[in-house]
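Dropping entry16.txt in here (compact mmCIF, C-alpha atoms):
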# COMPACT_ATOMS: atom_id res chain seq x y z
CA MET A 1152 -23.77 -9.46 20.84
CA LYS A 1153 -21.33 -7.15 19.21
CA LYS A 1154 -18.51 -8.94 20.97
CA ILE A 1155 -19.73 -12.32 19.84
CA LEU A 1156 -19.88 -11.09 16.26
CA LEU A 1157 -16.38 -9.71 16.55
CA PHE A 1158 -15.23 -13.00 17.99
CA LEU A 1159 -16.83 -14.92 15.14
CA LEU A 1160 -15.29 -12.58 12.64
CA CYS A 1161 -11.90 -13.07 14.22
CA ALA A 1162 -12.39 -16.79 14.40
CA SER A 1163 -13.22 -16.86 10.73
CA LEU A 1164 -9.92 -15.21 10.02
CA ILE A 1165 -7.97 -17.78 11.95
CA GLY A 1166 -6.22 -20.21 9.76
CA VAL A 1167 -5.52 -17.72 7.10
CA HIS A 1168 -2.45 -15.76 6.80
CA CYS A 1169 -0.37 -13.73 4.64
CA THR A 1170 2.59 -12.35 2.96
CA LYS A 1171 3.51 -9.61 0.72
CA ASP A 1172 5.78 -7.75 -1.38
CA GLY A 1173 9.30 -7.30 -1.99
CA ALA A 1174 11.39 -4.77 -3.53
CA ARG A 1175 14.17 -6.73 -5.18
CA VAL A 1176 12.77 -8.78 -7.87
CA ALA A 1177 13.16 -9.82 -11.41
CA VAL A 1178 11.70 -6.75 -13.00
CA SER A 1179 12.84 -5.47 -16.33
CA GLU A 1180 16.15 -3.63 -16.47
CA THR A 1181 14.51 -0.37 -17.24
CA ALA A 1182 11.82 -0.50 -14.56
CA GLY A 1183 12.36 1.30 -11.30
CA GLN A 1184 11.92 -0.13 -7.85
CA GLY A 1185 9.05 0.21 -5.39
CA GLY A 1186 8.64 -0.75 -1.77
CA SER A 1187 6.92 -3.66 -0.08
CA LEU A 1188 3.65 -1.76 0.33
CA ALA A 1189 3.08 -1.04 -3.37
CA ARG A 1190 -0.15 -1.63 -5.23
CA PHE A 1191 1.47 -1.11 -8.65
CA THR A 1192 4.29 -3.17 -10.06
CA ILE A 1193 5.80 -3.63 -13.50
CA VAL A 1194 7.09 -6.97 -14.75
CA GLY A 1195 8.35 -7.07 -18.32
CA ASN A 1196 5.75 -5.54 -20.59
CA TYR A 1197 2.95 -5.53 -18.05
CA LEU A 1198 1.76 -3.24 -15.31
CA TYR A 1199 -0.02 -5.10 -12.52
CA SER A 1200 -2.21 -3.21 -10.13
CA VAL A 1201 -4.37 -4.30 -7.23
CA ASP A 1202 -7.38 -2.53 -5.80
CA HIS A 1203 -9.17 -3.82 -2.72
CA GLU A 1204 -10.54 -6.87 -4.51
CA LYS A 1205 -9.11 -7.19 -7.99
CA LEU A 1206 -5.88 -7.60 -9.91
CA HIS A 1207 -5.75 -5.49 -13.09
CA VAL A 1208 -3.34 -6.37 -15.88
CA PHE A 1209 -2.24 -3.67 -18.34
CA ASP A 1210 -0.20 -4.41 -21.44
CA ILE A 1211 2.33 -1.56 -21.73
CA ARG A 1212 4.28 -2.72 -24.79
CA ILE A 1213 3.27 0.65 -26.21
CA PRO A 1214 4.14 2.62 -23.06
CA ASP A 1215 1.71 5.48 -23.53
CA GLU A 1216 -1.13 3.31 -24.77
CA PRO A 1217 -1.83 0.86 -21.95
CA VAL A 1218 -4.33 -1.85 -22.79
CA LEU A 1219 -6.36 -3.39 -20.00
CA LYS A 1220 -6.01 -7.12 -20.64
CA THR A 1221 -7.93 -8.51 -17.72
CA SER A 1222 -9.27 -7.85 -14.23
CA VAL A 1223 -9.26 -10.84 -11.92
CA GLN A 1224 -11.21 -11.14 -8.71
CA VAL A 1225 -8.63 -11.99 -6.04
CA GLY A 1226 -10.25 -11.69 -2.62
CA PHE A 1227 -10.95 -9.02 -0.04
CA GLU A 1228 -8.91 -6.31 1.61
CA ILE A 1229 -6.07 -6.66 -0.85
CA GLU A 1230 -3.21 -4.41 0.19
CA THR A 1231 0.00 -5.12 -1.69
CA ILE A 1232 1.47 -6.79 -4.73
CA PHE A 1233 5.01 -7.97 -5.32
CA PRO A 1234 6.65 -9.89 -8.09
CA PHE A 1235 9.16 -12.62 -7.38
CA GLN A 1236 10.62 -14.74 -10.15
CA ASP A 1237 7.69 -15.60 -12.41
CA ARG A 1238 5.10 -15.10 -9.72
CA LEU A 1239 3.00 -12.41 -8.13
CA PHE A 1240 2.45 -12.40 -4.40
CA ILE A 1241 -0.70 -10.48 -3.56
CA GLY A 1242 -1.13 -9.68 0.09
CA SER A 1243 -4.37 -9.00 1.88
CA THR A 1244 -5.10 -8.47 5.55
CA THR A 1245 -5.83 -12.14 5.93
CA ARG A 1246 -3.86 -14.16 3.41
CA VAL A 1247 -1.50 -14.15 0.50
CA HIS A 1248 -2.54 -15.13 -2.97
CA ILE A 1249 0.15 -16.50 -5.25
CA PHE A 1250 -0.30 -16.13 -9.00
CA SER A 1251 1.75 -17.61 -11.82
CA LEU A 1252 2.98 -15.32 -14.59
CA ALA A 1253 3.64 -18.17 -17.01
CA ASP A 1254 1.28 -16.23 -19.25
CA PRO A 1255 2.02 -12.66 -18.17
CA ALA A 1256 -1.18 -11.33 -19.73
CA LYS A 1257 -3.28 -13.79 -17.80
CA PRO A 1258 -2.03 -14.48 -14.26
CA GLU A 1259 -3.29 -17.72 -12.81
CA LYS A 1260 -3.82 -18.46 -9.14
CA LEU A 1261 -1.45 -21.13 -7.79
CA SER A 1262 -2.40 -21.05 -4.14
CA SER A 1263 -3.89 -18.69 -1.64
CA ALA A 1264 -2.18 -19.34 1.61
CA ILE A 1265 1.38 -19.25 2.70
CA SER A 1266 0.95 -20.85 6.06
CA PRO A 1267 -1.96 -22.76 7.48
CA GLU A 1268 -2.05 -21.24 10.90
CA VAL A 1269 -1.27 -17.62 11.33
CA LEU A 1270 -3.83 -15.99 13.55
CA ARG A 1271 -2.82 -12.48 12.86
CA ARG A 1272 -3.25 -9.71 10.41
CA CYS A 1273 -0.93 -10.05 7.54
CA ASP A 1274 1.36 -7.51 6.14
CA PRO A 1275 4.07 -7.14 3.56
CA VAL A 1276 6.28 -9.97 2.53
CA VAL A 1277 9.47 -10.21 0.59
CA ALA A 1278 10.62 -13.37 -1.11
CA LYS A 1279 14.20 -14.40 -1.75
CA ASP A 1280 15.09 -17.65 -3.46
CA SER A 1281 13.53 -20.32 -1.28
CA VAL A 1282 12.44 -18.17 1.61
CA ALA A 1283 9.79 -15.51 2.27
CA TYR A 1284 9.71 -13.04 5.13
CA ALA A 1285 6.50 -11.43 6.31
CA THR A 1286 5.71 -8.98 9.03
CA LEU A 1287 2.49 -9.69 10.87
CA ARG A 1288 1.31 -7.01 13.19
CA THR A 1289 -1.34 -7.16 15.82
CA ASN A 1290 -2.69 -3.66 16.05
CA GLY A 1291 -5.65 -4.47 13.83
CA PRO A 1292 -9.03 -5.42 15.24
CA CYS A 1293 -8.33 -9.12 14.86
CA GLY A 1294 -4.70 -9.06 15.84
CA GLY A 1295 -3.00 -11.90 17.61
CA THR A 1296 -1.10 -11.55 20.81
CA GLN A 1297 2.32 -10.78 19.43
CA SER A 1298 3.61 -9.06 16.31
CA ILE A 1299 6.15 -11.17 14.51
CA LEU A 1300 8.58 -11.42 11.66
CA ALA A 1301 7.61 -14.71 10.07
CA VAL A 1302 9.92 -16.90 8.02
CA TYR A 1303 8.45 -19.25 5.42
CA ASP A 1304 10.03 -22.01 3.42
CA ILE A 1305 8.65 -21.55 -0.11
CA ARG A 1306 10.57 -24.29 -1.90
CA ASP A 1307 7.18 -25.82 -2.64
CA ILE A 1308 5.30 -22.72 -3.76
CA ALA A 1309 1.93 -24.41 -3.50
CA ASN A 1310 2.60 -25.40 0.06
CA PRO A 1311 4.63 -22.84 1.99
CA VAL A 1312 5.74 -23.86 5.45
CA SER A 1313 6.23 -21.55 8.41
CA VAL A 1314 9.68 -22.25 9.83
CA LYS A 1315 10.34 -19.48 12.32
CA SER A 1316 8.72 -16.54 14.15
CA ILE A 1317 10.66 -13.66 15.64
CA ARG A 1318 9.04 -11.22 18.04
CA VAL A 1319 8.99 -7.59 16.99
CA ASN A 1320 6.97 -4.59 18.13
CA GLU A 1321 4.87 -3.01 15.39
CA PRO A 1322 6.30 -3.96 12.01
CA TYR A 1323 5.41 -2.56 8.57
CA GLY A 1324 7.41 -2.77 5.36
CA LEU A 1325 10.57 -4.76 4.82
CA GLY A 1326 13.26 -5.40 2.26
CA TYR A 1327 16.63 -7.09 1.86
CA SER A 1328 20.02 -6.46 0.38
CA ASP A 1329 22.19 -9.54 0.01
CA ASP A 1330 22.34 -11.09 3.45
CA ALA A 1331 20.80 -8.23 5.38
CA LEU A 1332 17.07 -7.95 6.01
CA TYR A 1333 15.64 -4.56 7.02
CA VAL A 1334 12.38 -4.39 8.92
CA CYS A 1335 10.48 -1.19 9.69
CA ASP A 1336 9.38 -1.51 13.30
CA LYS A 1337 7.68 1.74 14.09
CA ASN A 1338 10.37 3.90 15.72
CA GLN A 1339 13.21 1.54 14.93
CA LEU A 1340 14.80 0.12 11.85
CA LEU A 1341 15.72 -3.48 12.59
CA VAL A 1342 18.51 -5.32 10.80
CA PHE A 1343 18.74 -9.10 10.56
CA ASP A 1344 21.56 -11.27 9.31
CA ILE A 1345 19.96 -13.71 6.86
CA SER A 1346 23.08 -15.51 5.72
CA ASP A 1347 21.24 -18.52 7.10
CA ALA A 1348 18.01 -17.67 5.29
CA PHE A 1349 15.71 -19.74 7.49
CA ASP A 1350 17.19 -18.46 10.73
CA PRO A 1351 17.51 -14.65 10.73
CA LYS A 1352 19.65 -13.28 13.52
CA PRO A 1353 19.18 -9.78 14.88
CA VAL A 1354 22.13 -7.47 14.26
CA PRO A 1355 22.74 -5.35 17.36
CA VAL A 1356 22.42 -1.88 15.86
CA SER A 1357 20.26 0.94 17.11
CA ILE A 1358 18.69 2.98 14.33
CA SER A 1359 15.87 5.38 15.09
CA ASP A 1360 15.61 8.44 12.88
CA GLY A 1361 11.85 8.49 12.45
CA THR A 1362 8.73 6.40 12.29
CA TYR A 1363 9.55 3.79 9.66
CA ILE A 1364 6.94 2.60 7.17
CA ASP A 1365 8.76 0.96 4.26
CA VAL A 1366 12.21 0.47 2.71
CA ILE A 1367 13.81 0.14 -0.71
CA PRO A 1368 17.37 -1.23 -0.72
CA TYR A 1369 18.80 0.49 -3.81
CA GLY A 1370 22.42 -0.32 -4.58
CA ASN A 1371 24.43 0.87 -1.61
CA THR A 1372 21.64 3.19 -0.46
CA LEU A 1373 18.76 2.22 1.77
CA ILE A 1374 15.76 4.43 1.05
CA CYS A 1375 13.35 4.59 3.97
CA TRP A 1376 9.83 5.96 3.89
CA VAL A 1377 9.27 7.58 7.26
CA GLU A 1378 6.26 9.45 8.54
CA LYS A 1379 7.90 12.79 7.76
CA GLY A 1380 9.29 11.92 4.34
CA ILE A 1381 12.42 9.99 3.41
CA VAL A 1382 15.60 9.02 5.25
CA LEU A 1383 18.65 7.68 3.38
CA TYR A 1384 21.29 5.31 4.78
CA ASP A 1385 24.55 4.10 3.36
CA ILE A 1386 24.53 0.29 3.33
CA THR A 1387 27.98 -0.33 1.88
CA ASP A 1388 28.27 -2.40 5.05
CA ASN A 1389 24.88 -4.13 4.80
CA TYR A 1390 24.64 -4.86 8.49
CA ASN A 1391 25.45 -1.36 9.59
CA PRO A 1392 23.30 1.29 7.89
CA GLU A 1393 24.79 4.74 8.31
CA PHE A 1394 22.59 7.80 8.27
CA ILE A 1395 23.17 10.00 5.23
CA THR A 1396 20.35 12.53 5.19
CA ALA A 1397 16.63 13.15 5.60
CA ILE A 1398 14.25 14.68 3.05
CA GLU A 1399 11.20 16.46 4.43
CA MET B 1033 -45.74 2.19 1.64
CA LYS B 1034 -44.21 -1.21 1.82
CA LYS B 1035 -40.93 0.32 0.79
CA SER B 1036 -40.98 2.96 3.50
CA LEU B 1037 -41.95 0.39 6.11
CA SER B 1038 -39.03 -1.80 5.21
CA LEU B 1039 -36.83 1.28 5.31
CA VAL B 1040 -38.04 2.03 8.83
CA LEU B 1041 -37.38 -1.55 9.88
CA TRP B 1042 -33.95 -1.40 8.32
CA CYS B 1043 -33.21 1.81 10.22
CA LEU B 1044 -34.34 0.20 13.46
CA PHE B 1045 -32.12 -2.75 12.72
CA LEU B 1046 -29.17 -0.47 12.07
CA ALA B 1047 -29.99 1.55 15.15
CA GLY B 1048 -29.76 -1.67 17.14
CA CYS B 1049 -26.09 -1.84 16.27
CA PHE B 1050 -25.44 1.19 18.42
CA GLU B 1051 -25.04 0.54 22.07
CA LYS B 1052 -25.88 4.07 23.00
CA GLY B 1053 -27.25 7.17 21.31
CA LEU B 1054 -25.66 10.54 20.83
CA PRO B 1055 -24.40 12.35 23.92
CA ALA B 1056 -26.64 15.11 25.28
CA ASP B 1057 -24.76 17.92 23.49
CA GLY B 1058 -25.12 16.09 20.16
CA LYS B 1059 -21.37 16.09 19.57
CA THR B 1060 -19.64 12.92 18.49
CA HIS B 1061 -16.75 11.63 16.43
CA GLY B 1062 -17.89 10.96 12.91
CA TYR B 1063 -16.96 11.14 9.27
CA VAL B 1064 -17.28 14.15 7.02
CA PRO B 1065 -17.23 13.89 3.22
CA VAL B 1066 -14.55 15.92 1.42
CA TYR B 1067 -15.67 17.05 -2.02
CA ALA B 1068 -14.02 17.96 -5.30
CA THR B 1069 -15.57 19.29 -8.47
CA PRO B 1070 -15.15 17.30 -11.69
CA ALA B 1071 -12.66 19.95 -12.90
CA GLU B 1072 -10.60 19.75 -9.69
CA LEU B 1073 -10.42 15.96 -10.02
CA LYS B 1074 -8.51 16.28 -13.27
CA GLN B 1075 -6.30 19.25 -12.54
CA ILE B 1076 -2.77 18.11 -13.32
CA GLU B 1077 0.06 20.62 -12.83
CA VAL B 1078 3.80 20.69 -12.40
CA ASN B 1079 4.43 22.93 -9.40
CA PRO B 1080 7.55 24.11 -7.58
CA ALA B 1081 8.95 21.77 -4.93
CA ARG B 1082 7.09 21.92 -1.63
CA PRO B 1083 7.49 20.39 1.82
CA ILE B 1084 6.44 16.77 2.30
CA GLU B 1085 3.35 16.82 4.47
CA ASN B 1086 1.51 13.57 4.12
CA ALA B 1087 4.40 11.29 3.16
CA GLY B 1088 3.27 8.40 0.99
CA LYS B 1089 4.78 5.55 -1.00
CA ILE B 1090 8.31 5.75 -2.34
CA TYR B 1091 9.83 4.72 -5.66
CA ALA B 1092 13.38 4.73 -7.00
CA TRP B 1093 14.32 5.11 -10.67
CA GLN B 1094 17.77 5.88 -11.98
CA GLN B 1095 19.10 8.76 -9.90
CA PHE B 1096 15.64 9.95 -8.95
CA LEU B 1097 13.45 9.37 -5.93
CA PHE B 1098 9.72 9.78 -5.98
CA GLN B 1099 7.48 10.11 -2.97
CA SER B 1100 3.73 10.25 -3.10
CA GLU B 1101 2.02 13.09 -1.27
CA THR B 1102 -0.89 10.85 -0.48
CA GLY B 1103 -3.95 11.81 -2.51
CA GLU B 1104 -2.33 14.96 -3.91
CA GLY B 1105 0.57 14.15 -6.15
CA ILE B 1106 4.23 13.16 -6.38
CA HIS B 1107 7.40 14.81 -5.08
CA ILE B 1108 10.22 14.50 -7.62
CA ILE B 1109 13.65 14.35 -6.01
CA ASP B 1110 17.03 14.34 -7.70
CA GLY B 1111 19.24 11.97 -5.73
CA SER B 1112 22.36 12.15 -7.95
CA ASP B 1113 24.22 13.43 -4.91
CA ARG B 1114 22.73 11.28 -2.21
CA THR B 1115 24.30 13.38 0.53
CA ASN B 1116 22.33 16.31 -0.79
CA PRO B 1117 19.15 15.18 -2.54
CA LYS B 1118 17.19 18.01 -4.13
CA LYS B 1119 13.44 18.26 -4.45
CA LYS B 1120 12.99 19.44 -8.04
CA SER B 1121 9.26 19.80 -8.42
CA PHE B 1122 5.86 18.64 -7.29
CA LEU B 1123 3.58 16.91 -9.75
CA GLN B 1124 0.04 17.65 -8.66
CA ILE B 1125 -2.29 14.70 -9.32
CA PRO B 1126 -5.51 14.59 -7.32
CA GLY B 1127 -6.17 11.13 -5.90
CA SER B 1128 -2.73 9.73 -6.66
CA THR B 1129 -1.18 7.18 -4.30
CA GLU B 1130 0.82 4.76 -6.48
CA ILE B 1131 3.95 5.00 -8.62
CA ALA B 1132 5.56 2.64 -11.13
CA ILE B 1133 8.12 3.53 -13.80
CA LYS B 1134 9.49 1.78 -16.86
CA GLY B 1135 11.69 3.34 -19.48
CA SER B 1136 10.90 7.00 -19.09
CA TYR B 1137 7.21 6.46 -18.45
CA LEU B 1138 5.60 6.96 -15.08
CA TYR B 1139 2.33 5.23 -14.25
CA THR B 1140 0.10 6.43 -11.45
CA ASN B 1141 -3.52 6.50 -10.39
CA SER B 1142 -5.86 9.47 -10.09
CA PHE B 1143 -8.99 8.25 -8.34
CA THR B 1144 -10.55 5.87 -10.90
CA ASP B 1145 -8.13 6.68 -13.73
CA LEU B 1146 -4.73 5.34 -14.81
CA LEU B 1147 -2.34 8.07 -15.96
CA VAL B 1148 0.85 7.82 -18.01
CA PHE B 1149 3.48 10.57 -17.86
CA ASP B 1150 6.58 11.12 -19.97
CA ILE B 1151 9.44 11.69 -17.52
CA ALA B 1152 12.30 11.96 -20.00
CA THR B 1153 12.80 15.30 -18.26
CA PRO B 1154 11.99 14.03 -14.78
CA GLU B 1155 11.40 17.40 -13.14
CA SER B 1156 8.75 18.38 -15.66
CA PRO B 1157 6.58 15.36 -16.47
CA LYS B 1158 4.10 15.54 -19.32
CA LEU B 1159 0.74 13.82 -19.20
CA LEU B 1160 0.51 11.49 -22.20
CA LYS B 1161 -2.53 9.42 -21.47
CA ARG B 1162 -5.51 9.15 -19.18
CA MET B 1163 -7.38 5.84 -19.08
CA GLU B 1164 -10.69 6.54 -17.43
CA ASP B 1165 -12.64 4.43 -14.98
CA VAL B 1166 -10.31 1.47 -14.66
CA PHE B 1167 -10.18 1.54 -10.84
CA PRO B 1168 -13.14 1.42 -8.45
CA ALA B 1169 -14.60 4.69 -7.23
CA ILE B 1170 -14.91 5.62 -3.58
CA ASN B 1171 -18.40 5.02 -2.22
CA GLN B 1172 -20.38 8.24 -2.60
CA LYS B 1173 -23.03 7.38 -0.04
CA TYR B 1174 -21.21 6.40 3.12
CA PRO B 1175 -17.71 6.04 4.67
CA PRO B 1176 -15.97 2.65 4.55
CA PHE B 1177 -16.75 1.85 8.18
CA THR B 1178 -19.74 0.54 10.06
CA GLY B 1179 -21.09 1.54 13.45
CA VAL B 1180 -20.20 5.16 12.76
CA TYR B 1181 -21.94 8.52 12.48
CA PHE B 1182 -21.35 10.64 9.41
CA GLU B 1183 -22.44 13.84 7.77
CA CYS B 1184 -24.91 12.94 5.00
CA PRO B 1185 -23.21 13.56 1.64
CA ASP B 1186 -24.66 16.21 -0.66
CA PRO B 1187 -24.08 15.30 -4.33
CA SER B 1188 -24.61 18.93 -5.39
CA LYS B 1189 -21.29 19.77 -3.70
CA GLY B 1190 -19.31 17.53 -6.02
CA VAL B 1191 -17.71 14.11 -5.88
CA VAL B 1192 -16.72 12.64 -2.51
CA ILE B 1193 -12.95 12.10 -2.63
CA ARG B 1194 -12.44 10.96 0.96
CA TRP B 1195 -13.95 10.88 4.42
CA ASP B 1196 -12.23 12.73 7.24
CA LYS B 1197 -12.80 11.82 10.87
CA LYS B 1198 -13.90 14.82 12.89
CA MET B 1199 -15.99 15.95 15.82
CA ILE B 1200 -19.44 16.58 14.34
CA GLU B 1201 -22.73 17.84 15.73
CA ASN B 1202 -26.08 16.09 15.44
CA PRO B 1203 -25.16 13.96 12.42
CA ASN B 1204 -28.16 12.75 10.48
CA CYS B 1205 -26.53 9.71 8.98
CA ARG B 1206 -25.11 6.59 10.48
CA ARG B 1207 -24.43 3.04 9.48
Represent the supplied structure as structure tokens.
Amino acid sequence: MKKILLFLLCASLIGVHCTKDGARVAVSETAGQGGSLARFTIVGNYLYSVDHEKLHVFDIRIPDEPVLKTSVQVGFEIETIFPFQDRLFIGSTTRVHIFSLADPAKPEKLSSAISPEVLRRCDPVVAKDSVAYATLRTNGPCGGTQSILAVYDIRDIANPVSVKSIRVNEPYGLGYSDDALYVCDKNQLLVFDISDAFDPKPVPVSISDGTYIDVIPYGNTLICWVEKGIVLYDITDNYNPEFITAIE
Amino acid sequence: MKKSLSLVLWCLFLAGCFEKGLPADGKTHGYVPVYATPAELKQIEVNPARPIENAGKIYAWQQFLFQSETGEGIHIIDGSDRTNPKKKSFLQIPGSTEIAIKGSYLYTNSFTDLLVFDIATPESPKLLKRMEDVFPAINQKYPPFTGVYFECPDPSKGVVIRWDKKMIENPNCRR
């Protein structure tokens, strides 16, 4: 019985999907930069925060007097938020919700799916111009058969199209710097050449200085959150991160 | 009477979700509530730098790096010399997991509250504002899982701040 229920639960998740957050986005000049697994993000004069079900919008025009403008019900198992252009991508374990920030105090839902047929758990996504990259891993209870790096064409934001899937092991956060995409894949940091955005090509480097969880490309430094703390790489050559130091 | 009968039925129903009972020695994996007193929940301090133990989310701002010590606070790291980053201090914030910064203001969470710090002097942040009860509280009655045993929470011990998985003996609660 339990198995049947689990099957039904999994089946109900099929057909949904996901995406999530990116680090490099159009945030205000004076805001800092978070990773792809963040639940807080600042765009202009607003702080956006997601809990497991809701999006909270705080007006921070007076920085030390935040005003809660609205709390919007988004869905279930919300995990991440990332801003891209004038939109918020809110990732959950089963799908991505895309909100418009045309009125930044009152985000409005544009769509709630980035691909019609991803069978797997969803994880973080980063968006860049007309493309979004998501890591979908399968170690959850309703995982698919293979973890992938998914590539979506988001030229029509209301109707994203899955254009490519690349097999990876156990991916978490991701981020990009120019034409290099960095993907945390458990004990490896993977690098992809995304000069052809819809067709990422693996760069043959071997980087394994920890258990990687998330990344922030920050100028010519790649900041990696690893299980033991932080590892920094020089990415002056984007495709060839060079170890600088670890912070524990 | 009716109430207690329905409670019994409910318990039987829940019990049906378990394929087998407790092992003979009464030991099983289960969840144990971790408590904090209301005063502990709000104890904000700037402490000396300490090792990163439970590495959490990262954030970059100007020449500084921030890493959450999940549920406990934020490590503040001066990265001006990236070949030799220096942990400057540890900002203790119970229940903190998130970081966002604009201008010289740092926003974070502390359980159900939103906090704003002045980080004009990054190594010694000052709490400017606490907005209470804007985020949902952790469930005080049971862990966020089903089909599990757990130690029944005792509200007299304080507020449940998390549930740790442990080997427990003869647990009286399950869901």
How close does chain A get to chain B? List, as JSON lines, each residue of chain A within 7 Å, its nearest atom pair and the distance in Å to one decimal, counting all atoms listed in the file.
{"residue": "A:Thr1181", "atom": "CA", "partner": "B:Gly1135", "partner_atom": "CA", "distance": 5.2}
{"residue": "A:Ala1182", "atom": "CA", "partner": "B:Lys1134", "partner_atom": "CA", "distance": 4.0}
{"residue": "A:Gly1183", "atom": "CA", "partner": "B:Trp1093", "partner_atom": "CA", "distance": 4.3}
{"residue": "A:Gln1184", "atom": "CA", "partner": "B:Ala1092", "partner_atom": "CA", "distance": 5.1}
{"residue": "A:Gly1185", "atom": "CA", "partner": "B:Tyr1091", "partner_atom": "CA", "distance": 4.6}
{"residue": "A:Gly1186", "atom": "CA", "partner": "B:Ile1090", "partner_atom": "CA", "distance": 6.5}
{"residue": "A:Ala1189", "atom": "CA", "partner": "B:Glu1130", "partner_atom": "CA", "distance": 7.0}
{"residue": "A:Arg1190", "atom": "CA", "partner": "B:Glu1130", "partner_atom": "CA", "distance": 6.6}
{"residue": "A:Phe1191", "atom": "CA", "partner": "B:Ala1132", "partner_atom": "CA", "distance": 6.1}
{"residue": "A:Thr1192", "atom": "CA", "partner": "B:Ala1132", "partner_atom": "CA", "distance": 6.0}
{"residue": "A:Ile1193", "atom": "CA", "partner": "B:Ala1132", "partner_atom": "CA", "distance": 6.7}
{"residue": "A:Pro1214", "atom": "CA", "partner": "B:Tyr1137", "partner_atom": "CA", "distance": 6.7}
{"residue": "A:Asp1215", "atom": "CA", "partner": "B:Val1148", "partner_atom": "CA", "distance": 6.1}
{"residue": "A:Trp1376", "atom": "CA", "partner": "B:Ile1090", "partner_atom": "CA", "distance": 6.4}
{"residue": "A:Glu1378", "atom": "CA", "partner": "B:Ala1087", "partner_atom": "CA", "distance": 6.0}
{"residue": "A:Lys1379", "atom": "CA", "partner": "B:Ala1087", "partner_atom": "CA", "distance": 6.0}
{"residue": "A:Gly1380", "atom": "CA", "partner": "B:Ala1087", "partner_atom": "CA", "distance": 5.1}
{"residue": "A:Ile1395", "atom": "CA", "partner": "B:Thr1115", "partner_atom": "CA", "distance": 5.9}
{"residue": "A:Thr1396", "atom": "CA", "partner": "B:Thr1115", "partner_atom": "CA", "distance": 6.2}
{"residue": "A:Glu1399", "atom": "CA", "partner": "B:Ile1084", "partner_atom": "CA", "distance": 5.2}
> In terms of the shortest atom-to-atom distance over all atoms listed in the file, which of B:Pro1126, B:Pro1080, B:Pro1185, B:Pro1154 is closest to Gly1111 of chain B?
Replying inline: B:Pro1154
> What gap, in Å, lies between atom CA of Lys1120 of chain B and atom CA of Tyr1384 of chain A?
Replying inline: 20.8 Å
>> List the spatial neighbours of Val1194 of chain A as number ranges by chain - criterion: any atom at most 12 Å away, all atoms listed in the file, same-chain residues fewer than 2 positions off excluded.
In response: A: 1175-1185, 1191-1192, 1196-1200, 1208-1212, 1232-1239, 1252-1256, 1258; B: 1132-1134
>> Within 8 Å of (-24.4, 13.0, 8.5) in the file's own coordinates, which protein, DNA or RNA residues have an atom, counting only C-alpha atoms? List them as a list of chain:residue names.
In response: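 The distance filter leaves exactly B:Tyr1063, B:Val1064, B:Tyr1181, B:Phe1182, B:Glu1183, B:Cys1184, B:Pro1185, B:Asn1202, B:Pro1203, B:Asn1204, B:Cys1205, B:Arg1206.
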>> I want to know what sits within 12 Å of Phe1227 of chain A, based on only C-alpha atoms, with residues of the same chain fewer than 2 positions away left out; could you give that as number ranges by chain?
In response: A: 1164, 1201-1206, 1224-1225, 1229-1231, 1241-1248
>> Excluding Lys1352 of chain A and its own-chain neighbours fewer than 5 positions away, which residues fall within 12 Å of it when counting only C-alpha atoms? Please give them as a list in words.
In response: Leu1300, Val1302, Lys1315, Ser1316, Ile1317, Arg1318, Asp1330, Ala1331, Leu1332, Tyr1333, Leu1341, Val1342, Phe1343, Asp1344, Ile1345, Ser1346, Asp1347 and Tyr1390 of chain A
Keeping only C-alpha atoms, write the selected residues to a file as a tab-separated table (two decimals), in the frame of the given file.
chain	number	residue	atom	x	y	z
A	1300	LEU	CA	8.58	-11.42	11.66
A	1302	VAL	CA	9.92	-16.90	8.02
A	1315	LYS	CA	10.34	-19.48	12.32
A	1316	SER	CA	8.72	-16.54	14.15
A	1317	ILE	CA	10.66	-13.66	15.64
A	1318	ARG	CA	9.04	-11.22	18.04
A	1330	ASP	CA	22.34	-11.09	3.45
A	1331	ALA	CA	20.80	-8.23	5.38
A	1332	LEU	CA	17.07	-7.95	6.01
A	1333	TYR	CA	15.64	-4.56	7.02
A	1341	LEU	CA	15.72	-3.48	12.59
A	1342	VAL	CA	18.51	-5.32	10.80
A	1343	PHE	CA	18.74	-9.10	10.56
A	1344	ASP	CA	21.56	-11.27	9.31
A	1345	ILE	CA	19.96	-13.71	6.86
A	1346	SER	CA	23.08	-15.51	5.72
A	1347	ASP	CA	21.24	-18.52	7.10
A	1390	TYR	CA	24.64	-4.86	8.49
>> What does the structure give for the distance between atom CA of Ala1278 of chain A and atom CA of Gly1370 of chain A, in Å to one decimal?
In response: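 These atoms are spaced 17.9 Å apart.
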> Near Pro1070 of chain B, counting all atoms listed in the file, which residues have an atom at most 12 Å away, once you skip same-chain residues fewer than 2 positions from it, shown as JSON, numbers by chain?
Replying inline: {"B": [1067, 1068, 1072, 1073, 1074, 1075, 1126, 1143, 1187, 1188, 1189, 1190, 1191, 1192, 1193]}
> What is the atom CA of Gly1058 of chain B to atom CA of Lys1198 of chain B distance in Å?
Replying inline: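 Going from atom CA of Gly1058 of chain B over to atom CA of Lys1198 of chain B, I get 13.4 Å.
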